[in-house]
Amino acid sequence: MTSGQIVNDRKRHSIGVFPTIHSDSNKKEGKRKHVVNASQEINNILWPNDLSKCSEAALPHVLTMAQQYGAAVHLLYVVEDLSQNDPWYGKFNISHVNKLMEWEIKKAGESQQEFCRNYLEGIVGYSKKIELGDPARVILDFVDEYSIDMVVLCRKGKKGNFPMGGVAQKVVENSSVPVVITPSTEG
């Protein structure tokens with residue numbers, strides 16, 4: 001499996017190269033149902049990575065599962081769409097917000113490229129994707145739209161204020177596929 005096509009006709013703003021994914025799993029009314037058992041095929045693993053130390057610490061788990069199942073890894077970074085937030089202290093200049101998000105997209109793309117070059121070259125296949133939106137919603141939509149069989153993410157994200165981050169909690173509670181939560185690297 002290789003990265004291949006650019007997708008521009010999405011409801012959300014999409015940036016980057018999209019995987020070509022093949023799966024024979026059935027979809028019922030837009031939501032995939034999975035039965036977790038020892039014989040379940042795992043062909044596509046989603047690794048949402050917010051570039052935090054905790055997310056990076058999930059890499060050994062991602063690689064082990066990808067090798068064990070012969071699965072492709074899909075690296076996803078979600079830029080939170082700050083332009084959709086209400087202004088905190090009056091109106092703000094949207095061009096400043098857009099510049100900040102463009103900078104984040106650029107840096108995330110560079111980091112994804114480095115991850116892929118350094119760690120994912122030896123596995124069955126991989127793709128990288130950057131999306132703009134609500135992180136949990138984007139992850140859940142990606143799972144359902146692209147035949148993801150398993151999600152691997154760290155329990156704490158960038159903010160890391162609680163034992164389980166808000167994004168991880170939402171994904172665990174709403175995912176249609178198994179979610180593996182890796183421990184955080186800090187306390």
# chains A, B, ... in the order shown; residues from 1 in each chain; ligands from 1
call {"tool": "select_by_dssp", "arguments": {"residues": "region 50-122 of chain A", "states": "alpha helix (DSSP H)", "output": "number ranges by chain"}}
result
A: 53-57, 59-69, 94-115
call {"tool": "atom_distance", "arguments": {"atom1": "CA of Glu121 (chain A)", "atom2": "CA of Glu104 (chain A)"}}
result
24.3 Å
call {"tool": "closest_residue", "arguments": {"among": "A:Val79, A:Ile45, A:Arg137, A:Val73", "to": "Trp103 (chain A)", "atoms": "only C-alpha atoms"}}
result
A:Val79
call {"tool": "residues_around", "arguments": {"residues": "Tyr77 (chain A)", "least_positions_apart": "6", "cutoff": "10 Å", "atoms": "only C-alpha atoms", "output": "ChimeraX atom specification"}}
result
/A:47-51,105,108-109,111-112,128-132,135,138-139
call {"tool": "closest_residue", "arguments": {"among": "A:Tyr146, A:Val152, A:Val167, A:Tyr69", "to": "Val180 (chain A)", "atoms": "only C-alpha atoms"}}
result
A:Val152
call {"tool": "residues_around", "arguments": {"residues": "Leu46 (chain A)", "least_positions_apart": "4", "cutoff": "8 Å", "atoms": "only C-alpha atoms", "output": "list of chain:residue names"}}
result
A:Val73, A:His74, A:Leu75, A:Leu76, A:Val143, A:Ile148, A:Asp149, A:Met150, A:Val151, A:Val152
call {"tool": "residues_around", "arguments": {"residues": "Asn174 (chain A)", "least_positions_apart": "4", "cutoff": "12 Å", "atoms": "only C-alpha atoms", "output": "JSON list (two decimals) with C-alpha atoms, in the first residue's frame"}}
result
[["chain", "number", "residue", "atom", "x", "y", "z"],
["A", 31, "LYS", "CA", -21.15, 2.92, 10.94],
["A", 32, "ARG", "CA", -18.87, -0.11, 10.97],
["A", 33, "LYS", "CA", -19.47, -2.71, 13.62],
["A", 136, "ALA", "CA", -11.83, 13.65, 18.31],
["A", 137, "ARG", "CA", -14.41, 14.19, 15.55],
["A", 139, "ILE", "CA", -10.30, 10.80, 14.26],
["A", 140, "LEU", "CA", -13.71, 9.14, 14.49],
["A", 141, "ASP", "CA", -14.66, 10.22, 10.97],
["A", 143, "VAL", "CA", -11.94, 5.56, 11.22],
["A", 144, "ASP", "CA", -15.33, 5.19, 9.58],
["A", 151, "VAL", "CA", -6.69, 3.05, 16.70],
["A", 167, "VAL", "CA", -9.64, 13.47, 22.86],
["A", 168, "ALA", "CA", -8.68, 9.96, 24.01],
["A", 169, "GLN", "CA", -11.81, 9.74, 26.16],
["A", 170, "LYS", "CA", -14.09, 10.78, 23.29],
["A", 178, "PRO", "CA", -10.91, -1.27, 19.04],
["A", 179, "VAL", "CA", -8.85, 1.52, 20.58]]
call {"tool": "atom_distance", "arguments": {"atom1": "CA of Asn118 (chain A)", "atom2": "CA of Asn43 (chain A)"}}
result
21.5 Å
